[in-house]
Amino acid sequence: MFDLIDQISPLTDQRDRESLDISLSRVLMALLKPASVSLYMVMGDGNERRWLPQIVLRQGQEVEVNDAMHADFRRLDRVEEDSPRQRCLQVNLPVVIENAEGEAYCLTCLPLLTDHDMGETGVVEIRSMVRLDAQALATIERVLRIYRNMHSMFMYSERDALTGLLNRKSFEETFYRSLRDDKGLSADVALTGTPGDDDLPRRRARVGEQFWLAMVDVDHFKQVNDQFGHQIGDEVLILVGRILKNTFRGYDRVYRFGGEEFVVLLRCPDHADALQTTERFRQKMEQYRFPQVGRITVSAGLSSILAGDAPDVVCNRADQAVYYAKRNGRNRVCSYDELVQKGLLQTDIRDGGVELF
């Protein structure tokens, strides 16, 4: 019993979700001694869902971490193409396949997360030389119960209470963890993490990735609150959050920074695609009819993310593009990079004393 407690206790010492996921894989490896432990999460892109092998730990090897923002979505397995994992999610019970795929191992899939409201769905996949008995399955369930409790605490601390989107508090950590690549690393090379990390897991990066930040501000939102009340204003913000989530892809990250300000970290092949994706959201907003309020528009600013950029620097660039959009008619998407190139913005511009709302 005390040995089990000692093995499980690291789960409660973690300070973020990624460390918690890594700790879970290591705990299960130490307890069961299987060939491998993998945490698969469901990623969505429109109506298509695929499996992201978020954490992979093989016996005698380092932990491999696959970040959603770096995943090649098209190369991931479709959810319906892996029947054991899909069945596990459907019945919300362990699924066991002996001699899986003709190999000399037993495959056990267990529900990891089934919180569809928060967009978190996944399974634990364990490959072992022998079938896990009832006692082993009971032990795994106890471990997963602790994991889910810890995961829920992290989720609520990272989420905006009104919209359910990621909050500003979690933005900087995500920025450094997912986007920083100070060494210009390519595929299959370990990425750097937040400054000060000493024990970084291996990460998989894609060659030629480009990242962008879109800042979105709801036009004339103060008038909505003044005319219809804050309750209706809150409903508008919730719907804006839903439209954002439904427009951008499963590997993009959407945040509410506070008030009527939203931010999206997105991955696109080039500037034109980033601009088109953000413009698609603006058009959806313009076409949507909000209950009681009617038509609401947004102004958006887009900025590329350059090597070595700090989060506040990128946000400032995108913010300047938003200010320009609002000063020039609102209901439009402006690119900081284009504005500077055309001489419409200076890189050291200061925006102050202007009423934009």
# chains A, B, ... in the order shown; residues from 1 in each chain; ligands from 1
call {"tool": "residues_around", "arguments": {"residues": "A:Val293", "least_positions_apart": "6", "cutoff": "10 Å", "atoms": "only C-alpha atoms", "output": "list in words"}}
result
Val224, Gln227, Phe228, Ile232, Gly233 and Val236 of chain A
call {"tool": "residues_around", "arguments": {"residues": "A:Pro111", "least_positions_apart": "4", "cutoff": "8 Å", "atoms": "only C-alpha atoms", "output": "ChimeraX atom specification"}}
result
/A:88-89,92-94,122-124
call {"tool": "select_by_dssp", "arguments": {"residues": "stretch 110-351 of chain A", "states": "strand (DSSP E or B)", "output": "ChimeraX atom specification"}}
result
/A:110-115,120-128,159,166-167,202-203,211-218,253-258,261-267,289-290,294-295,298-304,333-335
call {"tool": "closest_residue", "arguments": {"among": "A:Phe211, A:Phe154, A:Phe73, A:Tyr105", "to": "A:Asp21", "atoms": "only C-alpha atoms"}}
result
A:Phe154
call {"tool": "closest_residue", "arguments": {"among": "A:Gln14, A:Ser335, A:Thr114, A:Asn246", "to": "A:Gln276", "atoms": "only C-alpha atoms"}}
result
A:Ser335
call {"tool": "closest_atom_pairs", "arguments": {"of": "stretch 62-127 of chain A", "to": "stretch 32-41 of chain A", "cutoff": "12 Å", "atoms": "only C-alpha atoms", "output": "Markdown table"}}
result
| residue | atom | partner | partner_atom | distance |
| --- | --- | --- | --- | --- |
| A:Glu62 | CA | A:Ser36 | CA | 11.2 |
| A:Val63 | CA | A:Ser38 | CA | 9.7 |
| A:Glu64 | CA | A:Ser38 | CA | 9.4 |
| A:Val65 | CA | A:Leu39 | CA | 9.7 |
| A:Asn66 | CA | A:Tyr40 | CA | 10.0 |
| A:Asp67 | CA | A:Met41 | CA | 10.6 |
| A:Ala68 | CA | A:Met41 | CA | 9.3 |
| A:Ala71 | CA | A:Met41 | CA | 12.0 |
| A:Leu76 | CA | A:Tyr40 | CA | 10.9 |
| A:Asp77 | CA | A:Tyr40 | CA | 10.6 |
| A:Arg78 | CA | A:Met41 | CA | 11.5 |
| A:Val79 | CA | A:Met41 | CA | 9.9 |
| A:Asp82 | CA | A:Tyr40 | CA | 11.2 |
| A:Pro84 | CA | A:Tyr40 | CA | 11.9 |
| A:Arg85 | CA | A:Tyr40 | CA | 8.6 |
| A:Gln86 | CA | A:Tyr40 | CA | 10.9 |
| A:Cys88 | CA | A:Tyr40 | CA | 11.7 |
| A:Leu89 | CA | A:Met41 | CA | 10.9 |
| A:Ala104 | CA | A:Ala35 | CA | 10.7 |
| A:Tyr105 | CA | A:Ala35 | CA | 8.2 |
| A:Cys106 | CA | A:Pro34 | CA | 9.6 |
| A:Leu107 | CA | A:Ser36 | CA | 9.8 |
| A:Thr108 | CA | A:Val37 | CA | 9.8 |
| A:Cys109 | CA | A:Ser38 | CA | 9.5 |
| A:Leu110 | CA | A:Leu39 | CA | 9.8 |
| A:Pro111 | CA | A:Tyr40 | CA | 9.9 |
| A:Leu112 | CA | A:Leu39 | CA | 7.9 |
| A:Leu113 | CA | A:Met41 | CA | 8.5 |
| A:Thr114 | CA | A:Met41 | CA | 10.1 |
| A:Asp115 | CA | A:Met41 | CA | 11.5 |
| A:His116 | CA | A:Met41 | CA | 11.7 |
| A:Gly119 | CA | A:Met41 | CA | 10.0 |
| A:Glu120 | CA | A:Met41 | CA | 7.4 |
| A:Thr121 | CA | A:Met41 | CA | 5.8 |
| A:Gly122 | CA | A:Met41 | CA | 4.1 |
| A:Val123 | CA | A:Tyr40 | CA | 5.4 |
| A:Val124 | CA | A:Leu39 | CA | 4.8 |
| A:Glu125 | CA | A:Ser38 | CA | 5.1 |
| A:Ile126 | CA | A:Val37 | CA | 4.8 |
| A:Arg127 | CA | A:Ser36 | CA | 5.3 |
call {"tool": "write_last_selection", "arguments": {"atoms": "C-alpha atoms", "output": "mmCIF file, in the first residue's frame"}}
result
data_model
loop_
_atom_site.group_PDB
_atom_site.id
_atom_site.type_symbol
_atom_site.label_atom_id
_atom_site.label_comp_id
_atom_site.auth_asym_id
_atom_site.auth_seq_id
_atom_site.Cartn_x
_atom_site.Cartn_y
_atom_site.Cartn_z
ATOM 1 C CA GLU A 62 12.570 9.265 -22.799
ATOM 2 C CA VAL A 63 9.080 10.721 -22.813
ATOM 3 C CA GLU A 64 7.981 12.044 -26.205
ATOM 4 C CA VAL A 65 5.610 15.029 -26.150
ATOM 5 C CA ASN A 66 3.572 15.997 -29.211
ATOM 6 C CA ASP A 67 2.077 19.473 -28.996
ATOM 7 C CA ALA A 68 -1.160 20.073 -30.884
ATOM 8 C CA ALA A 71 1.085 18.317 -35.150
ATOM 9 C CA LEU A 76 -2.794 11.675 -37.682
ATOM 10 C CA ASP A 77 -5.141 8.682 -37.470
ATOM 11 C CA ARG A 78 -8.812 9.503 -37.858
ATOM 12 C CA VAL A 79 -10.853 8.751 -34.756
ATOM 13 C CA ASP A 82 -8.842 3.168 -34.576
ATOM 14 C CA PRO A 84 -10.182 0.100 -29.824
ATOM 15 C CA ARG A 85 -9.738 3.768 -28.857
ATOM 16 C CA GLN A 86 -13.042 4.788 -30.400
ATOM 17 C CA CYS A 88 -13.261 2.916 -25.354
ATOM 18 C CA LEU A 89 -14.674 6.427 -25.692
ATOM 19 C CA ALA A 104 2.999 -10.469 -29.024
ATOM 20 C CA TYR A 105 1.506 -7.825 -26.789
ATOM 21 C CA CYS A 106 -1.865 -7.061 -25.246
ATOM 22 C CA LEU A 107 -3.469 -3.677 -25.939
ATOM 23 C CA THR A 108 -5.530 -2.053 -23.179
ATOM 24 C CA CYS A 109 -7.384 1.234 -23.773
ATOM 25 C CA LEU A 110 -8.904 3.107 -20.832
ATOM 26 C CA PRO A 111 -10.917 6.366 -20.765
ATOM 27 C CA LEU A 112 -8.652 9.239 -19.806
ATOM 28 C CA LEU A 113 -10.881 12.297 -20.197
ATOM 29 C CA THR A 114 -14.456 12.565 -21.432
ATOM 30 C CA ASP A 115 -15.160 16.236 -20.725
ATOM 31 C CA HIS A 116 -16.757 17.171 -24.038
ATOM 32 C CA GLY A 119 -13.147 20.048 -25.345
ATOM 33 C CA GLU A 120 -10.979 17.457 -23.604
ATOM 34 C CA THR A 121 -11.416 13.873 -24.769
ATOM 35 C CA GLY A 122 -8.827 11.117 -24.731
ATOM 36 C CA VAL A 123 -7.710 7.613 -23.802
ATOM 37 C CA VAL A 124 -4.740 5.881 -22.172
ATOM 38 C CA GLU A 125 -3.279 3.146 -24.354
ATOM 39 C CA ILE A 126 -1.113 0.523 -22.617
ATOM 40 C CA ARG A 127 0.839 -2.174 -24.451
#
call {"tool": "atom_distance", "arguments": {"atom1": "atom CA of A:Val298", "atom2": "atom CA of A:Arg253"}}
result
18.4 Å
call {"tool": "select_by_dssp", "arguments": {"residues": "stretch 31-263 of chain A", "states": "alpha helix (DSSP H)", "output": "NGL selection string"}}
result
:A and (31-32 or 83-91 or 134-158 or 168-179 or 221-228 or 230-247)
call {"tool": "closest_residue", "arguments": {"among": "A:Ala307, A:Val314, A:Asp217, A:Arg256", "to": "A:Met285", "atoms": "only C-alpha atoms"}}
result
A:Asp217
call {"tool": "closest_residue", "arguments": {"among": "A:Phe175, A:Tyr288, A:Tyr251, A:Phe262", "to": "A:Ala300", "atoms": "only C-alpha atoms"}}
result
A:Phe262
